[in-house]
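Below: start_3.pdb (PDB, C-alpha atoms)
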```pdb
ATOM      1  CA  MET O   1     178.534  97.143 -60.872  1.00  0.00           C
ATOM      2  CA  GLY O   2     178.444  93.790 -62.604  1.00  0.00           C
ATOM      3  CA  ALA O   3     180.381  90.755 -63.669  1.00  0.00           C
ATOM      4  CA  SER O   4     183.813  91.407 -65.150  1.00  0.00           C
ATOM      5  CA  ASN O   5     184.098  88.141 -67.060  1.00  0.00           C
ATOM      6  CA  GLY O   6     181.134  85.904 -66.405  1.00  0.00           C
ATOM      7  CA  LEU O   7     177.925  85.905 -64.381  1.00  0.00           C
ATOM      8  CA  ALA O   8     177.238  87.528 -61.017  1.00  0.00           C
ATOM      9  CA  GLN O   9     174.255  88.011 -58.696  1.00  0.00           C
ATOM     10  CA  VAL O  10     174.443  91.804 -58.309  1.00  0.00           C
ATOM     11  CA  ALA O  11     171.168  92.911 -56.665  1.00  0.00           C
ATOM     12  CA  PHE O  12     167.962  91.660 -55.062  1.00  0.00           C
ATOM     13  CA  ARG O  13     164.580  92.848 -53.897  1.00  0.00           C
ATOM     14  CA  GLY O  14     161.807  91.008 -52.052  1.00  0.00           C
ATOM     15  CA  ARG O  15     158.212  91.516 -53.006  1.00  0.00           C
ATOM     16  CA  ASN O  16     154.699  90.549 -52.063  1.00  0.00           C
ATOM     17  CA  ASP O  17     152.670  88.173 -54.209  1.00  0.00           C
ATOM     18  CA  ASP O  18     149.902  90.745 -54.577  1.00  0.00           C
ATOM     19  CA  GLY O  19     150.009  91.726 -58.237  1.00  0.00           C
ATOM     20  CA  SER O  20     151.419  91.118 -61.691  1.00  0.00           C
ATOM     21  CA  GLU O  21     155.070  91.226 -62.690  1.00  0.00           C
ATOM     22  CA  THR O  22     154.873  95.016 -62.870  1.00  0.00           C
ATOM     23  CA  THR O  23     152.264  95.869 -60.188  1.00  0.00           C
ATOM     24  CA  ALA O  24     153.214  93.739 -57.164  1.00  0.00           C
ATOM     25  CA  THR O  25     154.378  95.760 -54.158  1.00  0.00           C
ATOM     26  CA  TRP O  26     157.855  95.578 -52.636  1.00  0.00           C
ATOM     27  CA  LYS O  27     158.743  94.228 -49.184  1.00  0.00           C
ATOM     28  CA  ALA O  28     161.820  96.426 -48.783  1.00  0.00           C
ATOM     29  CA  ALA O  29     164.160  98.642 -50.793  1.00  0.00           C
ATOM     30  CA  LYS O  30     166.781  97.265 -53.193  1.00  0.00           C
ATOM     31  CA  ASN O  31     169.399  95.124 -51.397  1.00  0.00           C
ATOM     32  CA  VAL O  32     167.634  95.455 -48.029  1.00  0.00           C
ATOM     33  CA  ASN O  33     166.870  92.271 -46.046  1.00  0.00           C
ATOM     34  CA  TRP O  34     163.462  91.735 -44.407  1.00  0.00           C
ATOM     35  CA  ALA O  35     161.489  89.480 -42.059  1.00  0.00           C
ATOM     36  CA  GLN O  36     159.026  87.010 -43.595  1.00  0.00           C
ATOM     37  CA  ARG O  37     156.242  84.986 -42.027  1.00  0.00           C
ATOM     38  CA  PRO O  38     156.232  81.302 -42.932  1.00  0.00           C
ATOM     39  CA  ASP O  39     153.512  79.645 -45.017  1.00  0.00           C
ATOM     40  CA  ARG O  40     152.825  82.847 -46.994  1.00  0.00           C
ATOM     41  CA  VAL O  41     153.714  83.231 -50.656  1.00  0.00           C
ATOM     42  CA  PHE O  42     156.265  85.948 -51.452  1.00  0.00           C
ATOM     43  CA  ARG O  43     158.533  86.671 -54.392  1.00  0.00           C
ATOM     44  CA  MET O  44     162.263  87.183 -54.736  1.00  0.00           C
ATOM     45  CA  ARG O  45     163.746  89.171 -57.620  1.00  0.00           C
ATOM     46  CA  LEU O  46     167.453  88.836 -58.426  1.00  0.00           C
ATOM     47  CA  VAL O  47     169.542  90.782 -60.917  1.00  0.00           C
ATOM     48  CA  ILE O  48     172.072  88.609 -62.752  1.00  0.00           C
ATOM     49  CA  SER O  49     174.746  90.472 -64.700  1.00  0.00           C
ATOM     50  CA  GLY O  50     177.161  89.061 -67.233  1.00  0.00           C
ATOM     51  CA  ASN O  51     179.353  89.664 -70.215  1.00  0.00           C
ATOM     52  CA  LEU O  52     179.654  86.194 -71.652  1.00  0.00           C
ATOM     53  CA  LEU O  53     177.371  84.415 -74.053  1.00  0.00           C
ATOM     54  CA  PHE O  54     175.256  82.220 -71.765  1.00  0.00           C
ATOM     55  CA  PHE O  55     172.283  80.127 -72.755  1.00  0.00           C
ATOM     56  CA  GLY O  56     171.286  77.912 -69.882  1.00  0.00           C
ATOM     57  CA  THR O  57     169.460  77.671 -66.614  1.00  0.00           C
ATOM     58  CA  ILE O  58     169.833  79.788 -63.499  1.00  0.00           C
ATOM     59  CA  VAL O  59     168.448  78.085 -60.376  1.00  0.00           C
ATOM     60  CA  LEU O  60     167.890  79.314 -56.829  1.00  0.00           C
ATOM     61  CA  PHE O  61     169.466  77.828 -53.682  1.00  0.00           C
ATOM     62  CA  TYR O  62     169.074  78.623 -49.991  1.00  0.00           C
ATOM     63  CA  LYS O  63     171.212  78.328 -46.862  1.00  0.00           C
ATOM     64  CA  LEU O  64     169.485  77.996 -43.492  1.00  0.00           C
ATOM     65  CA  ASN O  65     171.437  79.648 -40.660  1.00  0.00           C
ATOM     66  CA  GLY O  66     174.691  79.501 -42.632  1.00  0.00           C
ATOM     67  CA  GLY O  67     174.403  75.764 -43.384  1.00  0.00           C
ATOM     68  CA  SER O  68     174.823  73.958 -46.689  1.00  0.00           C
ATOM     69  CA  LEU O  69     173.340  75.164 -49.967  1.00  0.00           C
ATOM     70  CA  VAL O  70     170.073  73.415 -50.933  1.00  0.00           C
ATOM     71  CA  GLN O  71     168.374  73.793 -54.306  1.00  0.00           C
ATOM     72  CA  ILE O  72     164.856  75.207 -54.116  1.00  0.00           C
ATOM     73  CA  THR O  73     162.204  73.049 -55.774  1.00  0.00           C
ATOM     74  CA  SER O  74     158.468  72.597 -55.336  1.00  0.00           C
ATOM     75  CA  GLY O  75     159.223  69.810 -52.831  1.00  0.00           C
ATOM     76  CA  SER O  76     162.166  71.255 -50.931  1.00  0.00           C
ATOM     77  CA  THR O  77     162.062  71.714 -47.172  1.00  0.00           C
ATOM     78  CA  VAL O  78     162.538  75.098 -45.438  1.00  0.00           C
ATOM     79  CA  LEU O  79     161.894  77.114 -48.616  1.00  0.00           C
ATOM     80  CA  LYS O  80     160.013  75.891 -51.680  1.00  0.00           C
ATOM     81  CA  GLY O  81     158.895  77.147 -55.057  1.00  0.00           C
ATOM     82  CA  VAL O  82     155.118  77.552 -55.240  1.00  0.00           C
ATOM     83  CA  PRO O  83     152.528  78.467 -57.878  1.00  0.00           C
ATOM     84  CA  THR O  84     151.236  81.999 -58.196  1.00  0.00           C
ATOM     85  CA  VAL O  85     148.191  83.302 -60.050  1.00  0.00           C
ATOM     86  CA  ASN O  86     149.969  86.591 -60.716  1.00  0.00           C
ATOM     87  CA  TYR O  87     152.266  85.593 -63.585  1.00  0.00           C
ATOM     88  CA  VAL O  88     152.969  82.755 -66.000  1.00  0.00           C
ATOM     89  CA  HIS O  89     156.108  80.653 -65.534  1.00  0.00           C
ATOM     90  CA  ALA O  90     158.917  81.559 -67.966  1.00  0.00           C
ATOM     91  CA  SER O  91     157.328  84.797 -69.140  1.00  0.00           C
ATOM     92  CA  ASP O  92     159.804  87.638 -69.662  1.00  0.00           C
ATOM     93  CA  SER O  93     160.623  89.957 -66.778  1.00  0.00           C
ATOM     94  CA  THR O  94     161.045  93.708 -67.125  1.00  0.00           C
ATOM     95  CA  GLN O  95     163.826  95.767 -65.563  1.00  0.00           C
ATOM     96  CA  GLN O  96     162.699  96.955 -62.128  1.00  0.00           C
ATOM     97  CA  VAL O  97     165.713  96.571 -59.836  1.00  0.00           C
ATOM     98  CA  GLY O  98     168.860  96.815 -61.966  1.00  0.00           C
ATOM     99  CA  SER O  99     170.155  99.757 -63.943  1.00  0.00           C
ATOM    100  CA  GLY O 100     172.463  98.328 -66.589  1.00  0.00           C
ATOM    101  CA  SER O 101     171.854  97.317 -70.187  1.00  0.00           C
ATOM    102  CA  PHE O 102     168.877  94.950 -69.968  1.00  0.00           C
ATOM    103  CA  PHE O 103     168.199  91.777 -71.942  1.00  0.00           C
ATOM    104  CA  THR O 104     164.426  91.632 -72.500  1.00  0.00           C
ATOM    105  CA  ASP O 105     163.952  88.112 -73.944  1.00  0.00           C
ATOM    106  CA  ASN O 106     164.857  86.471 -70.634  1.00  0.00           C
ATOM    107  CA  ASN O 107     162.116  84.048 -69.445  1.00  0.00           C
ATOM    108  CA  GLY O 108     162.780  85.489 -65.989  1.00  0.00           C
ATOM    109  CA  MET O 109     159.467  84.876 -64.193  1.00  0.00           C
ATOM    110  CA  VAL O 110     159.911  81.578 -62.334  1.00  0.00           C
ATOM    111  CA  VAL O 111     157.406  79.476 -60.399  1.00  0.00           C
ATOM    112  CA  ASN O 112     159.455  76.542 -59.080  1.00  0.00           C
ATOM    113  CA  THR O 113     162.165  75.679 -61.579  1.00  0.00           C
ATOM    114  CA  GLY O 114     165.134  77.544 -63.030  1.00  0.00           C
ATOM    115  CA  ILE O 115     165.119  80.263 -65.649  1.00  0.00           C
ATOM    116  CA  THR O 116     165.682  78.851 -69.098  1.00  0.00           C
ATOM    117  CA  SER O 117     167.248  80.174 -72.301  1.00  0.00           C
ATOM    118  CA  ASN O 118     168.828  83.237 -70.763  1.00  0.00           C
ATOM    119  CA  GLN O 119     171.357  85.243 -72.694  1.00  0.00           C
ATOM    120  CA  PHE O 120     173.718  87.571 -70.837  1.00  0.00           C
ATOM    121  CA  GLN O 121     175.796  89.137 -73.578  1.00  0.00           C
ATOM    122  CA  ALA O 122     174.950  92.253 -75.540  1.00  0.00           C
ATOM    123  CA  SER O 123     175.773  92.207 -79.233  1.00  0.00           C
ATOM    124  CA  ASP O 124     178.895  94.324 -78.561  1.00  0.00           C
ATOM    125  CA  GLY O 125     180.136  92.050 -75.749  1.00  0.00           C
ATOM    126  CA  SER O 126     179.443  94.575 -72.994  1.00  0.00           C
ATOM    127  CA  LEU O 127     177.771  93.839 -69.666  1.00  0.00           C
ATOM    128  CA  THR O 128     174.079  93.127 -69.734  1.00  0.00           C
ATOM    129  CA  GLU O 129     171.540  92.211 -67.077  1.00  0.00           C
ATOM    130  CA  ALA O 130     168.502  90.006 -66.687  1.00  0.00           C
ATOM    131  CA  GLU O 131     166.117  89.923 -63.744  1.00  0.00           C
ATOM    132  CA  ALA O 132     164.594  86.726 -62.416  1.00  0.00           C
ATOM    133  CA  GLU O 133     161.707  86.514 -59.992  1.00  0.00           C
ATOM    134  CA  TRP O 134     160.771  83.393 -58.051  1.00  0.00           C
ATOM    135  CA  SER O 135     157.470  82.630 -56.288  1.00  0.00           C
ATOM    136  CA  LEU O 136     158.424  81.145 -52.894  1.00  0.00           C
ATOM    137  CA  GLN O 137     157.105  80.045 -49.521  1.00  0.00           C
ATOM    138  CA  ILE O 138     158.894  79.331 -46.236  1.00  0.00           C
ATOM    139  CA  VAL O 139     157.731  75.960 -44.849  1.00  0.00           C
ATOM    140  CA  GLY O 140     156.528  76.734 -41.317  1.00  0.00           C
ATOM    141  CA  ASP O 141     157.093  73.214 -39.964  1.00  0.00           C
ATOM    142  CA  ASP O 142     160.796  73.404 -40.941  1.00  0.00           C
ATOM    143  CA  VAL O 143     161.775  76.709 -39.310  1.00  0.00           C
ATOM    144  CA  VAL O 144     161.642  78.561 -36.003  1.00  0.00           C
ATOM    145  CA  ASN O 145     161.376  82.233 -35.217  1.00  0.00           C
ATOM    146  CA  GLY O 146     164.656  84.045 -35.934  1.00  0.00           C
ATOM    147  CA  ASP O 147     166.043  81.523 -38.434  1.00  0.00           C
ATOM    148  CA  VAL O 148     167.917  83.243 -41.269  1.00  0.00           C
ATOM    149  CA  ILE O 149     167.622  82.094 -44.887  1.00  0.00           C
ATOM    150  CA  GLU O 150     170.160  83.271 -47.474  1.00  0.00           C
ATOM    151  CA  LEU O 151     169.329  83.026 -51.195  1.00  0.00           C
ATOM    152  CA  ARG O 152     171.857  82.443 -53.974  1.00  0.00           C
ATOM    153  CA  ALA O 153     171.529  81.983 -57.712  1.00  0.00           C
ATOM    154  CA  ARG O 154     173.589  79.269 -59.378  1.00  0.00           C
ATOM    155  CA  ARG O 155     173.876  77.782 -62.827  1.00  0.00           C
ATOM    156  CA  SER O 156     172.286  74.421 -63.613  1.00  0.00           C
ATOM    157  CA  ALA O 157     173.581  71.423 -61.648  1.00  0.00           C
ATOM    158  CA  GLY O 158     174.550  73.815 -58.816  1.00  0.00           C
ATOM    159  CA  VAL O 159     177.565  75.312 -60.599  1.00  0.00           C
ATOM    160  CA  PRO O 160     178.424  78.646 -58.942  1.00  0.00           C
ATOM    161  CA  LEU O 161     178.139  81.859 -60.920  1.00  0.00           C
ATOM    162  CA  THR O 162     181.612  82.558 -62.305  1.00  0.00           C
ATOM    163  CA  GLU O 163     181.840  86.033 -60.766  1.00  0.00           C
ATOM    164  CA  GLY O 164     180.050  85.141 -57.554  1.00  0.00           C
ATOM    165  CA  ILE O 165     177.508  86.828 -55.323  1.00  0.00           C
ATOM    166  CA  LEU O 166     177.867  90.590 -54.902  1.00  0.00           C
ATOM    167  CA  GLU O 167     174.542  91.098 -53.118  1.00  0.00           C
ATOM    168  CA  SER O 168     172.716  88.294 -51.326  1.00  0.00           C
ATOM    169  CA  PRO O 169     169.346  88.460 -49.554  1.00  0.00           C
ATOM    170  CA  PHE O 170     169.022  87.274 -45.947  1.00  0.00           C
ATOM    171  CA  ILE O 171     165.426  86.664 -44.870  1.00  0.00           C
ATOM    172  CA  THR O 172     164.664  86.398 -41.165  1.00  0.00           C
ATOM    173  CA  VAL O 173     161.817  84.029 -40.287  1.00  0.00           C
ATOM    174  CA  ASP O 174     159.088  85.899 -38.401  1.00  0.00           C
ATOM    175  CA  VAL O 175     156.815  83.440 -36.564  1.00  0.00           C
ATOM    176  CA  PRO O 176     154.032  85.311 -34.770  1.00  0.00           C
ATOM    177  CA  ARG O 177     153.726  84.681 -31.066  1.00  0.00           C
ATOM    178  CA  THR O 178     150.744  82.752 -29.805  1.00  0.00           C
ATOM    179  CA  ILE O 179     148.657  84.795 -27.421  1.00  0.00           C
ATOM    180  CA  ARG O 180     146.622  82.935 -24.875  1.00  0.00           C
ATOM    181  CA  ARG O 181     143.885  84.700 -23.007  1.00  0.00           C
ATOM    182  CA  THR O 182     142.051  83.495 -19.975  1.00  0.00           C
ATOM    183  CA  ILE O 183     138.543  84.699 -19.420  1.00  0.00           C
ATOM    184  CA  ILE O 184     137.199  84.450 -15.906  1.00  0.00           C
ATOM    185  CA  ILE O 185     133.431  84.390 -15.646  1.00  0.00           C
ATOM    186  CA  GLU O 186     131.988  85.005 -12.201  1.00  0.00           C
TER     187      GLU O 186
END
```

Any chance you could put this one into structure tokens?
Amino acid sequence: MGASNGLAQVAFRGRNDDGSETTATWKAAKNVNWAQRPDRVFRMRLVISGNLLFFGTIVLFYKLNGGSLVQITSGSTVLKGVPTVNYVHASDSTQQVGSGSFFTDNNGMVVNTGITSNQFQASDGSLTEAEAEWSLQIVGDDVVNGDVIELRARRSAGVPLTEGILESPFITVDVPRTIRRTIIIE
């Protein structure tokens, strides 16, 4: 499944920030939402599919509890892009989630800005995919337990993908409960 005449977000998978681009472990299966503790680095991988010649930037936005879309930056509230020691910004990603024809020169590993210089058209004009992975962190002071954060890819300047969002991750904020214990000494 992919874009019929443009770009579409067709799959996602959350992952831990515990290894390289190829060795990090997954949080859940493909297109399965998960709960995430705030103030811990995690990664989000999206599959973008297209059949048009596209050189540009794909950026990541979030919605908190169904609200307005907000672009994710290193200074954004609720969800921000953060550094990781596990990969270099703008290095190429490999195909790990999608299954279509894959464009390898994709600069898909993202720290806190958009992907750059992506191409989404095979030489014969057929559908092709690229995978982008962002290093992210939920800002604990800006959320409460049970908040839901949706992630969406867009083109630069917030322009929607022409074929839309076919699969979108919803992350539930998981704030651990505080346990208080009283010790009675007699």

Pick from O:Asn65, O:Thr57, O:Ser49, O:Thr94, whichever lies nearest to Ser20 of chain O using all atoms listed in the file |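 Ranking O:Asn65, O:Thr57, O:Ser49, O:Thr94 by distance to Ser20 of chain O, first place goes to O:Thr94.
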
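Once the PyMOL selection byres ((chain O and resi 37) around 10) is applied to this file, the selection holds O:Ala35, O:Gln36, O:Pro38, O:Asp39, O:Arg40, O:Val41, O:Phe42, O:Gln137, O:Ile138, O:Val139, O:Gly140, O:Asn145, O:Ile171, O:Thr172, O:Val173, O:Asp174, O:Val175, O:Pro176.
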
Mind checking which residues fall within 12 Å of Thr23 of chain O, counting all atoms listed in the file, ignoring those fewer than 6 positions away in the same chain, and posting them as a PyMOL selection string?
-> chain O and resi 15-17+86-87+94+96

Length of the atom CA of Thr77 of chain O to atom CA of Thr162 of chain O vector [Å] =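 Taking atom CA of Thr77 of chain O as the start and atom CA of Thr162 of chain O as the end point, the length is 27.0 Å.
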
Run the PyMOL selection byres ((chain O and resi 72) around 10) mentally over the shown coordinates, then write out the matched residues as a PyMOL selection string, using the chain letters and numbers from the document.
-> chain O and resi 59-62+69-71+73-81+112-114+134+136+151

Residues from last step as file, C-alpha atoms, as a tab-separated table (two decimals), keeping the file's coordinate frame:
```tsv
chain	number	residue	atom	x	y	z
O	59	VAL	CA	168.45	78.08	-60.38
O	60	LEU	CA	167.89	79.31	-56.83
O	61	PHE	CA	169.47	77.83	-53.68
O	62	TYR	CA	169.07	78.62	-49.99
O	69	LEU	CA	173.34	75.16	-49.97
O	70	VAL	CA	170.07	73.42	-50.93
O	71	GLN	CA	168.37	73.79	-54.31
O	73	THR	CA	162.20	73.05	-55.77
O	74	SER	CA	158.47	72.60	-55.34
O	75	GLY	CA	159.22	69.81	-52.83
O	76	SER	CA	162.17	71.26	-50.93
O	77	THR	CA	162.06	71.71	-47.17
O	78	VAL	CA	162.54	75.10	-45.44
O	79	LEU	CA	161.89	77.11	-48.62
O	80	LYS	CA	160.01	75.89	-51.68
O	81	GLY	CA	158.90	77.15	-55.06
O	112	ASN	CA	159.46	76.54	-59.08
O	113	THR	CA	162.16	75.68	-61.58
O	114	GLY	CA	165.13	77.54	-63.03
O	134	TRP	CA	160.77	83.39	-58.05
O	136	LEU	CA	158.42	81.14	-52.89
O	151	LEU	CA	169.33	83.03	-51.20
```

Coordinates of box centre and edge lengths for segment 70-83 of chain O, 3 Å on every side, axis-aligned, as JSON:
```
{"center_x": 161.3, "center_y": 74.1, "center_z": -51.7, "size_x": 23.5, "size_y": 14.7, "size_z": 18.4}
```

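A straight line drawn from atom CA of Val47 of chain O to atom CA of Ala130 of chain O is 5.9 Å long.
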
Could you tell me which of O:Asp147, O:Glu167, O:Asp142, O:Glu131 comes closest to Asn31 of chain O if we count only C-alpha atoms?
->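 Checking each of O:Asp147, O:Glu167, O:Asp142, O:Glu131 against Asn31 of chain O, counting only C-alpha atoms, the winner is O:Glu167.
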
Long-range neighbours of Ala11 of chain O as a list in words, 8 Å cut-off, all atoms listed in the file, 6 positions minimum in chain | Lys30, Asn31, Leu46, Val47, Ile48, Val97, Gly98, Leu166, Glu167 and Ser168 of chain O

Could you state the separation of atom CA of Leu64 of chain O and atom CA of Gly158 of chain O in Å, given to one decimal place?
->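 Atom CA of Leu64 of chain O sits 16.7 Å away from atom CA of Gly158 of chain O.
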
Please evaluate the PyMOL selection byres ((chain O and resi 26) around 8) against the displayed coordinates and give the resulting residues as a PyMOL selection string.
-> chain O and resi 13-16+24-25+27-29

Nearest residue to Val85 of chain O from the set O:Glu150, O:Glu186, O:Glu21, O:Glu163 (distances using only C-alpha atoms) | O:Glu21
